[in-house]
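First comes the structure, then the notes that go with it.
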Amino acid sequence: MHVSSLKNARLDRLLELANYYPSPHNGQPIQLRVVDDENLIVWFDTSRGLKAAPISHLFSLVSVGVFARHFELCATSLGHSATFHPGLPQPDDMARPEPLKCGLITIEYGTGDPNPKLESDITTRQTSRRKYVRGLSPGQVQEIKLAASRNKLALEMVNHEAARHVIWLNQRAVFDDMFDTGVRTELDHWLRYSRREKEEKRDGLAYDCMQLSGSLMKFSVDHYRVLHWPVVAPVLRQYYLRTMADSSAVGYLRAPFETSAQAYRIGRCIIDIWFELTARGAYLHPFGTVVSNARAHRDFTRLVGADAESRGDYVVFIFRAGYSEPPVRSLRLPVKSHLLAENQAS
């Protein structure tokens, strides 16, 4: 995040809390310019977004929705209110190699009582790739379905047998993507293979957060063809899947997904679902690769029903959820290290 001046201690605290927002590959692409204590201009740094998959630009706009809703919840947790006024770029604009203005946040201070539980949820919300010892209760499923419906989106859950197949589809898609030069290069850019690299860069996908060996991850990226070798591939698949063949629930969101506004709304919905789970001590693990990999996406829609995308909707978000041991924490860049140049046009 970019901050030009932090004279207001309340704004300082709010921005530190907002810095916990999730982003694809932990790229942390959002930048802020402080106009004054009540107004922040929001930018998206396209150099920190995903680009390799055909649908990456739309998903960058999902990330804007994720951040906007996350920021609003951060403000609420501290007893303030914040409103995001979108001025979204077009999806094709996300290919441009510069920060793009996405809207304005206005803040009103002291409009309510602080919510310490929500503040705690914001700092503890994480992706967990650990083994889930149990899934979600019917009541919890109903709560996240309501969160989706409040955003005018449809959330569906799959049965246990289908859930196991979706987890396998995710593994297959991850391995298949290694054979796509663009996707593999992008992934290599964001993977953090050692503790030193993780701590120095403070972004990206760290080996310990992924529950994988850093050296084995690096070997697989550099020698990706072994992922299809008859003897080696089954061993690597089992290693990758060892924490996912569990009791987790698997769900997915369907929504129109063609315009910037539609992508933005999906991002807001994802955060609402995530915090419904976090509030109850549950974790979530997005399966973005199943959405972006064409073969896996096609097989997923066949698995859940031929009409899954027949009404103008698209499967836009797939996840597993449930209860696990606390995952390893990913790191974030410090707020002030995201600074956007003072002379950046507003």
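Residue numbering restarts at 1 for every chain of the structure tokens, chains are lettered A, B, ... in their displayed order, and ligands are numbered from 1 as they appear.
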From the DSSP assignment of the backbone, select every residue of stretch 171-290 of chain A that is strand (DSSP E), and format the answer as a ChimeraX atom specification. /A:191-192,205-206,249-255,283-286
Once you have the residues from the selection above, write them out as a short mmCIF file (atom, residue, chain, number, x, y, z; two decimals), in the first residue's frame, restricted to N, CA and C atoms.
```
data_model
loop_
_atom_site.label_atom_id
_atom_site.label_comp_id
_atom_site.auth_asym_id
_atom_site.auth_seq_id
_atom_site.Cartn_x
_atom_site.Cartn_y
_atom_site.Cartn_z
N LEU A 191 6.94 -17.79 -6.35
CA LEU A 191 7.27 -18.81 -5.35
C LEU A 191 8.48 -18.37 -4.53
N ARG A 192 8.41 -18.64 -3.22
CA ARG A 192 9.52 -18.33 -2.31
C ARG A 192 10.03 -19.66 -1.78
N LEU A 205 4.28 -16.80 -2.67
CA LEU A 205 3.85 -18.08 -2.11
C LEU A 205 5.05 -18.77 -1.48
N ALA A 206 5.12 -18.75 -0.16
CA ALA A 206 6.26 -19.32 0.54
C ALA A 206 6.10 -20.83 0.68
N ALA A 249 -14.88 -29.51 3.30
CA ALA A 249 -16.02 -29.25 2.42
C ALA A 249 -15.51 -28.51 1.19
N VAL A 250 -16.16 -28.70 0.06
CA VAL A 250 -15.79 -28.00 -1.17
C VAL A 250 -17.01 -27.29 -1.73
N GLY A 251 -16.84 -26.03 -2.03
CA GLY A 251 -17.94 -25.24 -2.59
C GLY A 251 -17.48 -24.39 -3.75
N TYR A 252 -18.44 -23.77 -4.41
CA TYR A 252 -18.10 -22.91 -5.54
C TYR A 252 -19.15 -21.83 -5.72
N LEU A 253 -18.71 -20.72 -6.29
CA LEU A 253 -19.59 -19.59 -6.62
C LEU A 253 -19.84 -19.55 -8.11
N ARG A 254 -21.07 -19.27 -8.48
CA ARG A 254 -21.42 -19.01 -9.87
C ARG A 254 -21.86 -17.56 -10.00
N ALA A 255 -21.46 -16.90 -11.09
CA ALA A 255 -21.84 -15.51 -11.28
C ALA A 255 -21.55 -15.08 -12.71
N TYR A 283 -11.15 -22.36 8.27
CA TYR A 283 -10.22 -21.85 7.26
C TYR A 283 -10.77 -22.12 5.86
N LEU A 284 -10.15 -21.45 4.90
CA LEU A 284 -10.54 -21.58 3.49
C LEU A 284 -9.27 -21.70 2.66
N HIS A 285 -9.36 -22.48 1.59
CA HIS A 285 -8.24 -22.69 0.66
C HIS A 285 -8.78 -22.52 -0.75
N PRO A 286 -8.51 -21.38 -1.43
CA PRO A 286 -9.00 -21.18 -2.80
C PRO A 286 -8.33 -22.14 -3.78
#
```
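The shell of residues at most 12 Å from A:Ser213, with only C-alpha atoms counted and near chain neighbours (fewer than 2 positions) removed, consists of Leu191, Arg192, Tyr193, Ser194, Arg195, Ala206, Tyr207, Asp208, Cys209, Met210, Gln211, Ser215, Leu216, Met217, Lys218, Phe219, Ser220, Leu236, Tyr239 and Tyr240 of chain A.
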Env of A:Leu50: 12 Å cut, atoms = only C-alpha atoms, seq-sep filter 3 positions within chain, self excluded. Answer as a ChimeraX atom specification. /A:23-29,44-47,53-63,94-95,182-187,189-190,204,288,292
Please produce a file of the residues just selected, as a short mmCIF file (atom, residue, chain, number, x, y, z; two decimals), in the first residue's frame, where the atoms kept are C-alpha atoms.
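Saved result, out07.cif, follows:
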```cif
data_model
loop_
_atom_site.label_atom_id
_atom_site.label_comp_id
_atom_site.auth_asym_id
_atom_site.auth_seq_id
_atom_site.Cartn_x
_atom_site.Cartn_y
_atom_site.Cartn_z
CA SER A 23 -4.41 -11.33 -2.94
CA PRO A 24 -3.60 -13.95 -5.63
CA HIS A 25 -0.12 -15.41 -5.08
CA ASN A 26 0.18 -12.92 -2.18
CA GLY A 27 1.17 -10.34 -4.79
CA GLN A 28 -0.19 -7.38 -2.76
CA PRO A 29 -1.04 -5.24 -5.82
CA PHE A 44 -3.86 -1.37 -8.80
CA ASP A 45 -0.19 -2.03 -9.56
CA THR A 46 -0.38 -4.26 -12.64
CA SER A 47 3.26 -5.35 -12.15
CA ALA A 53 -3.88 -17.00 -17.85
CA PRO A 54 -6.48 -15.65 -20.30
CA ILE A 55 -8.78 -14.73 -17.43
CA SER A 56 -6.10 -13.05 -15.29
CA HIS A 57 -7.20 -9.49 -16.04
CA LEU A 58 -10.75 -10.09 -14.83
CA PHE A 59 -9.38 -11.72 -11.71
CA SER A 60 -7.30 -8.61 -11.07
CA LEU A 61 -10.59 -6.74 -10.80
CA VAL A 62 -11.87 -9.41 -8.41
CA SER A 63 -8.86 -8.47 -6.27
CA MET A 94 -5.13 -4.38 -16.73
CA ALA A 95 -2.54 -5.39 -19.34
CA GLY A 182 3.80 -18.34 -19.32
CA VAL A 183 2.05 -19.74 -16.25
CA ARG A 184 5.19 -21.57 -15.09
CA THR A 185 7.31 -18.44 -15.44
CA GLU A 186 4.77 -16.40 -13.51
CA LEU A 187 4.56 -18.99 -10.76
CA HIS A 189 8.37 -15.38 -10.05
CA TRP A 190 6.06 -15.61 -7.03
CA GLY A 204 4.54 -14.42 -2.88
CA GLY A 288 -7.92 -20.73 -8.34
CA SER A 292 -8.20 -20.65 -14.64
#
```
How many Å lie between atom CA of A:Ile144 and atom CA of A:Gly112, rounded to one decimal?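 Separation of atom CA of A:Ile144 and atom CA of A:Gly112: 25.1 Å.
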Any idea what the distance is between atom CA of A:Gly65 and atom CA of A:Ala261?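 Distance between the two atoms: 9.0 Å.
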If we count only C-alpha atoms, what is near A:Phe175 at a cut-off of 12 Å, once residues fewer than 6 positions away on the same chain are taken out, given as a PDB file with N, CA and C atoms, in the first residue's frame?
```
ATOM      1  N   TRP A 168      -8.452 -33.573  -6.345  1.00  0.00           N
ATOM      2  CA  TRP A 168      -7.577 -34.205  -7.336  1.00  0.00           C
ATOM      3  C   TRP A 168      -7.465 -33.339  -8.591  1.00  0.00           C
ATOM      4  N   LEU A 169      -8.588 -32.723  -9.029  1.00  0.00           N
ATOM      5  CA  LEU A 169      -8.545 -31.839 -10.196  1.00  0.00           C
ATOM      6  C   LEU A 169      -7.595 -30.662  -9.957  1.00  0.00           C
ATOM      7  N   VAL A 183       2.532 -19.505 -17.609  1.00  0.00           N
ATOM      8  CA  VAL A 183       2.050 -19.743 -16.248  1.00  0.00           C
ATOM      9  C   VAL A 183       3.204 -20.186 -15.356  1.00  0.00           C
ATOM     10  N   ARG A 184       4.061 -21.089 -15.880  1.00  0.00           N
ATOM     11  CA  ARG A 184       5.193 -21.574 -15.087  1.00  0.00           C
ATOM     12  C   ARG A 184       6.154 -20.437 -14.742  1.00  0.00           C
ATOM     13  N   LEU A 187       4.539 -18.309 -12.052  1.00  0.00           N
ATOM     14  CA  LEU A 187       4.562 -18.994 -10.764  1.00  0.00           C
ATOM     15  C   LEU A 187       5.961 -18.960 -10.158  1.00  0.00           C
ATOM     16  N   MET A 217      10.041 -27.975  -4.476  1.00  0.00           N
ATOM     17  CA  MET A 217       9.291 -27.039  -5.313  1.00  0.00           C
ATOM     18  C   MET A 217      10.180 -26.493  -6.422  1.00  0.00           C
ATOM     19  N   SER A 220      10.876 -29.090  -9.055  1.00  0.00           N
ATOM     20  CA  SER A 220       9.709 -29.366  -9.903  1.00  0.00           C
ATOM     21  C   SER A 220       9.487 -28.276 -10.933  1.00  0.00           C
ATOM     22  N   VAL A 221       9.772 -27.030 -10.574  1.00  0.00           N
ATOM     23  CA  VAL A 221       9.617 -25.936 -11.525  1.00  0.00           C
ATOM     24  C   VAL A 221      10.721 -25.981 -12.578  1.00  0.00           C
ATOM     25  N   HIS A 223      12.517 -28.612 -13.451  1.00  0.00           N
ATOM     26  CA  HIS A 223      12.516 -29.881 -14.186  1.00  0.00           C
ATOM     27  C   HIS A 223      11.076 -30.403 -14.267  1.00  0.00           C
ATOM     28  N   TYR A 224      10.193 -29.559 -14.756  1.00  0.00           N
ATOM     29  CA  TYR A 224       8.753 -29.832 -14.705  1.00  0.00           C
ATOM     30  C   TYR A 224       8.349 -31.086 -15.463  1.00  0.00           C
ATOM     31  N   ARG A 225       9.146 -31.534 -16.416  1.00  0.00           N
ATOM     32  CA  ARG A 225       8.754 -32.712 -17.195  1.00  0.00           C
ATOM     33  C   ARG A 225       8.664 -33.973 -16.328  1.00  0.00           C
ATOM     34  N   VAL A 226       9.347 -33.978 -15.170  1.00  0.00           N
ATOM     35  CA  VAL A 226       9.259 -35.157 -14.307  1.00  0.00           C
ATOM     36  C   VAL A 226       7.842 -35.335 -13.766  1.00  0.00           C
ATOM     37  N   LEU A 227       7.040 -34.268 -13.808  1.00  0.00           N
ATOM     38  CA  LEU A 227       5.670 -34.346 -13.289  1.00  0.00           C
ATOM     39  C   LEU A 227       4.804 -35.302 -14.110  1.00  0.00           C
ATOM     40  N   HIS A 228       5.267 -35.669 -15.287  1.00  0.00           N
ATOM     41  CA  HIS A 228       4.541 -36.628 -16.119  1.00  0.00           C
ATOM     42  C   HIS A 228       5.277 -37.951 -16.273  1.00  0.00           C
ATOM     43  N   TRP A 229       6.391 -38.117 -15.585  1.00  0.00           N
ATOM     44  CA  TRP A 229       7.103 -39.393 -15.668  1.00  0.00           C
ATOM     45  C   TRP A 229       6.307 -40.491 -14.973  1.00  0.00           C
ATOM     46  N   ALA A 233       5.850 -39.300 -11.179  1.00  0.00           N
ATOM     47  CA  ALA A 233       4.639 -38.498 -11.072  1.00  0.00           C
ATOM     48  C   ALA A 233       3.684 -38.967  -9.966  1.00  0.00           C
ATOM     49  N   PRO A 234       3.402 -40.282  -9.842  1.00  0.00           N
ATOM     50  CA  PRO A 234       2.503 -40.698  -8.762  1.00  0.00           C
ATOM     51  C   PRO A 234       3.026 -40.371  -7.366  1.00  0.00           C
ATOM     52  N   LEU A 236       5.016 -37.793  -6.581  1.00  0.00           N
ATOM     53  CA  LEU A 236       4.860 -36.361  -6.393  1.00  0.00           C
ATOM     54  C   LEU A 236       3.400 -35.982  -6.178  1.00  0.00           C
ATOM     55  N   ARG A 237       2.490 -36.655  -6.870  1.00  0.00           N
ATOM     56  CA  ARG A 237       1.058 -36.381  -6.660  1.00  0.00           C
ATOM     57  C   ARG A 237       0.663 -36.680  -5.224  1.00  0.00           C
ATOM     58  N   TYR A 240       1.989 -34.016  -2.913  1.00  0.00           N
ATOM     59  CA  TYR A 240       1.220 -32.777  -3.005  1.00  0.00           C
ATOM     60  C   TYR A 240      -0.137 -32.918  -2.326  1.00  0.00           C
ATOM     61  N   LEU A 241      -0.750 -34.081  -2.456  1.00  0.00           N
ATOM     62  CA  LEU A 241      -2.111 -34.291  -1.955  1.00  0.00           C
ATOM     63  C   LEU A 241      -2.175 -34.717  -0.491  1.00  0.00           C
ATOM     64  N   THR A 289      -6.604 -22.423  -9.477  1.00  0.00           N
ATOM     65  CA  THR A 289      -6.094 -23.108 -10.668  1.00  0.00           C
ATOM     66  C   THR A 289      -7.196 -23.881 -11.382  1.00  0.00           C
ATOM     67  N   VAL A 290      -8.166 -24.409 -10.627  1.00  0.00           N
ATOM     68  CA  VAL A 290      -9.261 -25.135 -11.275  1.00  0.00           C
ATOM     69  C   VAL A 290     -10.133 -24.181 -12.075  1.00  0.00           C
ATOM     70  N   ASN A 293      -7.484 -22.916 -15.245  1.00  0.00           N
ATOM     71  CA  ASN A 293      -7.005 -23.949 -16.163  1.00  0.00           C
ATOM     72  C   ASN A 293      -8.193 -24.479 -16.971  1.00  0.00           C
ATOM     73  N   ALA A 296      -9.207 -28.258 -16.478  1.00  0.00           N
ATOM     74  CA  ALA A 296      -9.753 -28.527 -15.152  1.00  0.00           C
ATOM     75  C   ALA A 296     -11.115 -27.858 -14.969  1.00  0.00           C
TER      76      ALA A 296
END
```
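Shortest atom-to-atom contact with A:Ala75 among A:Arg48, A:Cys102, A:Pro116, A:Asp92: A:Pro116, counting only C-alpha atoms.
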With a distance cut-off of 7 Å and only C-alpha atoms, select the neighbouring residues of A:Val42, excluding the residue or stretch itself and same-chain residues fewer than 5 positions from it, and output the selection as an MDAnalysis selection string. chainID A and resid 31:33 101:104
How about saving the chosen residues, N, CA and C atoms kept, as a compact mmCIF listing (two decimals), in the first residue's frame?
```txt
# COMPACT_ATOMS: atom_id res chain seq x y z
N GLN A 31 -2.33 -0.22 -4.12
CA GLN A 31 -1.61 0.94 -3.62
C GLN A 31 -2.62 2.02 -3.25
N LEU A 32 -2.27 2.81 -2.24
CA LEU A 32 -3.15 3.89 -1.81
C LEU A 32 -2.40 5.21 -1.85
N ARG A 33 -3.09 6.24 -2.25
CA ARG A 33 -2.56 7.59 -2.10
C ARG A 33 -3.48 8.35 -1.16
N LYS A 101 -5.83 3.61 -11.67
CA LYS A 101 -6.74 4.09 -10.64
C LYS A 101 -8.03 3.26 -10.67
N CYS A 102 -8.49 2.86 -9.48
CA CYS A 102 -9.67 1.98 -9.39
C CYS A 102 -10.82 2.60 -8.61
N GLY A 103 -10.59 3.71 -7.90
CA GLY A 103 -11.67 4.30 -7.16
C GLY A 103 -11.17 5.12 -5.99
N LEU A 104 -12.12 5.51 -5.14
CA LEU A 104 -11.84 6.37 -3.99
C LEU A 104 -12.48 5.77 -2.75
```
So which residues of stretch 104-309 of chain A fall under helix (DSSP H, G or I) by DSSP, listed as a VMD selection string? chain A and resid 116 to 124 138 to 150 160 to 177 181 to 190 195 to 201 214 to 222 224 to 228 232 to 241 260 to 278 288 to 292 294 to 304
Select from stretch 242-270 of chain A every residue with an atom at most 9 Å from any atom of stretch 121-131 of chain A, then for each give the shortest pair of atoms and their distance in Å to one decimal, using only C-alpha atoms, rows by chain and rising number, as JSON lines.
```
{"residue": "A:Arg242", "atom": "CA", "partner": "A:Lys131", "partner_atom": "CA", "distance": 7.8}
{"residue": "A:Thr243", "atom": "CA", "partner": "A:Lys131", "partner_atom": "CA", "distance": 4.2}
{"residue": "A:Met244", "atom": "CA", "partner": "A:Lys131", "partner_atom": "CA", "distance": 5.5}
{"residue": "A:Ala245", "atom": "CA", "partner": "A:Lys131", "partner_atom": "CA", "distance": 7.4}
{"residue": "A:Asp246", "atom": "CA", "partner": "A:Lys131", "partner_atom": "CA", "distance": 6.0}
{"residue": "A:Ser247", "atom": "CA", "partner": "A:Lys131", "partner_atom": "CA", "distance": 8.1}
{"residue": "A:Ser248", "atom": "CA", "partner": "A:Lys131", "partner_atom": "CA", "distance": 8.1}
```
Distance query A:Val166 at most 10 Å, only C-alpha atoms, self and fewer than 6 positions along chain excluded, as a PDB file with N, CA and C atoms, in the first residue's frame:
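Ended up saving to selection.pdb:
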```pdb
ATOM      1  N   VAL A 158     -20.554 -29.282  -2.916  1.00  0.00           N
ATOM      2  CA  VAL A 158     -20.553 -30.586  -3.571  1.00  0.00           C
ATOM      3  C   VAL A 158     -20.532 -31.675  -2.510  1.00  0.00           C
ATOM      4  N   HIS A 160     -19.363 -35.320  -0.656  1.00  0.00           N
ATOM      5  CA  HIS A 160     -18.026 -35.722  -0.196  1.00  0.00           C
ATOM      6  C   HIS A 160     -17.222 -36.393  -1.305  1.00  0.00           C
ATOM      7  N   ARG A 172      -4.069 -31.905 -10.388  1.00  0.00           N
ATOM      8  CA  ARG A 172      -3.759 -32.133 -11.801  1.00  0.00           C
ATOM      9  C   ARG A 172      -3.551 -30.816 -12.532  1.00  0.00           C
ATOM     10  N   VAL A 250     -16.160 -28.697   0.063  1.00  0.00           N
ATOM     11  CA  VAL A 250     -15.785 -28.000  -1.173  1.00  0.00           C
ATOM     12  C   VAL A 250     -17.010 -27.293  -1.725  1.00  0.00           C
ATOM     13  N   GLY A 251     -16.842 -26.027  -2.031  1.00  0.00           N
ATOM     14  CA  GLY A 251     -17.938 -25.237  -2.587  1.00  0.00           C
ATOM     15  C   GLY A 251     -17.476 -24.394  -3.750  1.00  0.00           C
ATOM     16  N   PHE A 287      -9.128 -22.640  -4.727  1.00  0.00           N
ATOM     17  CA  PHE A 287      -8.612 -23.474  -5.812  1.00  0.00           C
ATOM     18  C   PHE A 287      -8.660 -22.671  -7.115  1.00  0.00           C
ATOM     19  N   VAL A 290      -8.166 -24.409 -10.627  1.00  0.00           N
ATOM     20  CA  VAL A 290      -9.261 -25.135 -11.275  1.00  0.00           C
ATOM     21  C   VAL A 290     -10.133 -24.181 -12.075  1.00  0.00           C
ATOM     22  N   ALA A 296      -9.207 -28.258 -16.478  1.00  0.00           N
ATOM     23  CA  ALA A 296      -9.753 -28.527 -15.152  1.00  0.00           C
ATOM     24  C   ALA A 296     -11.115 -27.858 -14.969  1.00  0.00           C
ATOM     25  N   ASP A 299     -13.707 -29.956 -16.714  1.00  0.00           N
ATOM     26  CA  ASP A 299     -13.996 -31.184 -15.982  1.00  0.00           C
ATOM     27  C   ASP A 299     -14.764 -30.901 -14.698  1.00  0.00           C
ATOM     28  N   PHE A 300     -14.486 -29.756 -14.083  1.00  0.00           N
ATOM     29  CA  PHE A 300     -15.227 -29.395 -12.873  1.00  0.00           C
ATOM     30  C   PHE A 300     -16.704 -29.175 -13.192  1.00  0.00           C
ATOM     31  N   LEU A 303     -18.421 -32.337 -13.600  1.00  0.00           N
ATOM     32  CA  LEU A 303     -18.572 -33.040 -12.330  1.00  0.00           C
ATOM     33  C   LEU A 303     -19.774 -32.532 -11.540  1.00  0.00           C
ATOM     34  N   VAL A 304     -19.952 -31.210 -11.497  1.00  0.00           N
ATOM     35  CA  VAL A 304     -21.009 -30.647 -10.649  1.00  0.00           C
ATOM     36  C   VAL A 304     -22.341 -30.528 -11.379  1.00  0.00           C
ATOM     37  N   ILE A 318     -13.721 -21.448  -6.518  1.00  0.00           N
ATOM     38  CA  ILE A 318     -13.823 -22.809  -5.983  1.00  0.00           C
ATOM     39  C   ILE A 318     -12.924 -22.867  -4.757  1.00  0.00           C
ATOM     40  N   PHE A 319     -13.384 -23.497  -3.718  1.00  0.00           N
ATOM     41  CA  PHE A 319     -12.606 -23.512  -2.478  1.00  0.00           C
ATOM     42  C   PHE A 319     -12.901 -24.767  -1.675  1.00  0.00           C
ATOM     43  N   ARG A 320     -11.967 -25.128  -0.823  1.00  0.00           N
ATOM     44  CA  ARG A 320     -12.245 -26.101   0.226  1.00  0.00           C
ATOM     45  C   ARG A 320     -12.222 -25.357   1.554  1.00  0.00           C
TER      46      ARG A 320
END
```
Excluding stretch 152-157 of chain A and its own-chain neighbours fewer than 6 positions away, which residues fall within 12 Å of it when counting only C-alpha atoms? Please give them as JSON, numbers by chain. {"A": [135, 136, 137, 138, 140, 141, 142, 143, 144, 145, 146, 163, 166, 248, 249, 250, 251, 252, 253, 254, 255, 256, 257, 262, 263, 265, 266, 267, 268, 269, 270, 272, 273, 304, 305, 308, 309, 311, 313, 314, 315, 316, 317, 318, 319, 320, 321]}
Generate the output file for the selected residues, C-alpha atoms, as an mmCIF file, in the first residue's frame.
```
data_model
loop_
_atom_site.group_PDB
_atom_site.id
_atom_site.type_symbol
_atom_site.label_atom_id
_atom_site.label_comp_id
_atom_site.auth_asym_id
_atom_site.auth_seq_id
_atom_site.Cartn_x
_atom_site.Cartn_y
_atom_site.Cartn_z
ATOM 1 C CA GLY A 135 -15.567 -29.814 7.309
ATOM 2 C CA LEU A 136 -18.507 -27.489 7.810
ATOM 3 C CA SER A 137 -21.755 -28.078 9.658
ATOM 4 C CA PRO A 138 -25.091 -27.609 7.833
ATOM 5 C CA GLN A 140 -22.195 -23.045 8.627
ATOM 6 C CA VAL A 141 -22.964 -23.943 5.038
ATOM 7 C CA GLN A 142 -26.221 -22.030 5.335
ATOM 8 C CA GLU A 143 -24.388 -18.970 6.692
ATOM 9 C CA ILE A 144 -21.952 -18.790 3.785
ATOM 10 C CA LYS A 145 -24.799 -19.339 1.318
ATOM 11 C CA LEU A 146 -26.564 -16.361 2.892
ATOM 12 C CA ALA A 163 -15.084 -32.999 -3.094
ATOM 13 C CA VAL A 166 -12.196 -31.618 -7.027
ATOM 14 C CA SER A 248 -12.876 -30.592 4.036
ATOM 15 C CA ALA A 249 -16.017 -29.255 2.417
ATOM 16 C CA VAL A 250 -15.785 -28.000 -1.173
ATOM 17 C CA GLY A 251 -17.938 -25.237 -2.587
ATOM 18 C CA TYR A 252 -18.100 -22.912 -5.542
ATOM 19 C CA LEU A 253 -19.587 -19.591 -6.616
ATOM 20 C CA ARG A 254 -21.421 -19.013 -9.874
ATOM 21 C CA ALA A 255 -21.837 -15.513 -11.283
ATOM 22 C CA PRO A 256 -21.832 -13.461 -14.482
ATOM 23 C CA PHE A 257 -18.173 -12.730 -15.175
ATOM 24 C CA GLN A 262 -19.211 -8.113 -12.131
ATOM 25 C CA ALA A 263 -15.642 -9.045 -11.193
ATOM 26 C CA ARG A 265 -18.815 -7.761 -6.919
ATOM 27 C CA ILE A 266 -17.400 -11.294 -6.889
ATOM 28 C CA GLY A 267 -14.392 -10.063 -4.901
ATOM 29 C CA ARG A 268 -16.626 -8.448 -2.292
ATOM 30 C CA CYS A 269 -18.605 -11.673 -1.980
ATOM 31 C CA ILE A 270 -15.458 -13.775 -1.505
ATOM 32 C CA ASP A 272 -17.895 -11.936 3.062
ATOM 33 C CA ILE A 273 -17.788 -15.734 2.742
ATOM 34 C CA VAL A 304 -21.009 -30.647 -10.649
ATOM 35 C CA GLY A 305 -23.611 -30.700 -13.412
ATOM 36 C CA ALA A 308 -23.487 -25.193 -14.007
ATOM 37 C CA GLU A 309 -22.667 -22.520 -16.595
ATOM 38 C CA ARG A 311 -27.578 -19.660 -17.500
ATOM 39 C CA ASP A 313 -23.120 -17.712 -15.090
ATOM 40 C CA TYR A 314 -19.490 -18.774 -14.760
ATOM 41 C CA VAL A 315 -17.827 -20.813 -12.041
ATOM 42 C CA VAL A 316 -15.735 -17.983 -10.600
ATOM 43 C CA PHE A 317 -14.499 -19.275 -7.248
ATOM 44 C CA ILE A 318 -13.823 -22.809 -5.983
ATOM 45 C CA PHE A 319 -12.606 -23.512 -2.478
ATOM 46 C CA ARG A 320 -12.245 -26.101 0.226
ATOM 47 C CA ALA A 321 -13.096 -25.144 3.798
#
```
For the atom pair atom CA of A:Tyr323 and atom CA of A:Asp177, what is the interatomic distance in Å to one decimal place?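 Those two atoms sit 28.3 Å apart.
Take the candidates A:Asn115, A:Thr301, A:Asn19, A:Ser77 and check each one against A:Ser337 using only C-alpha atoms; the shortest distance goes to A:Asn19.
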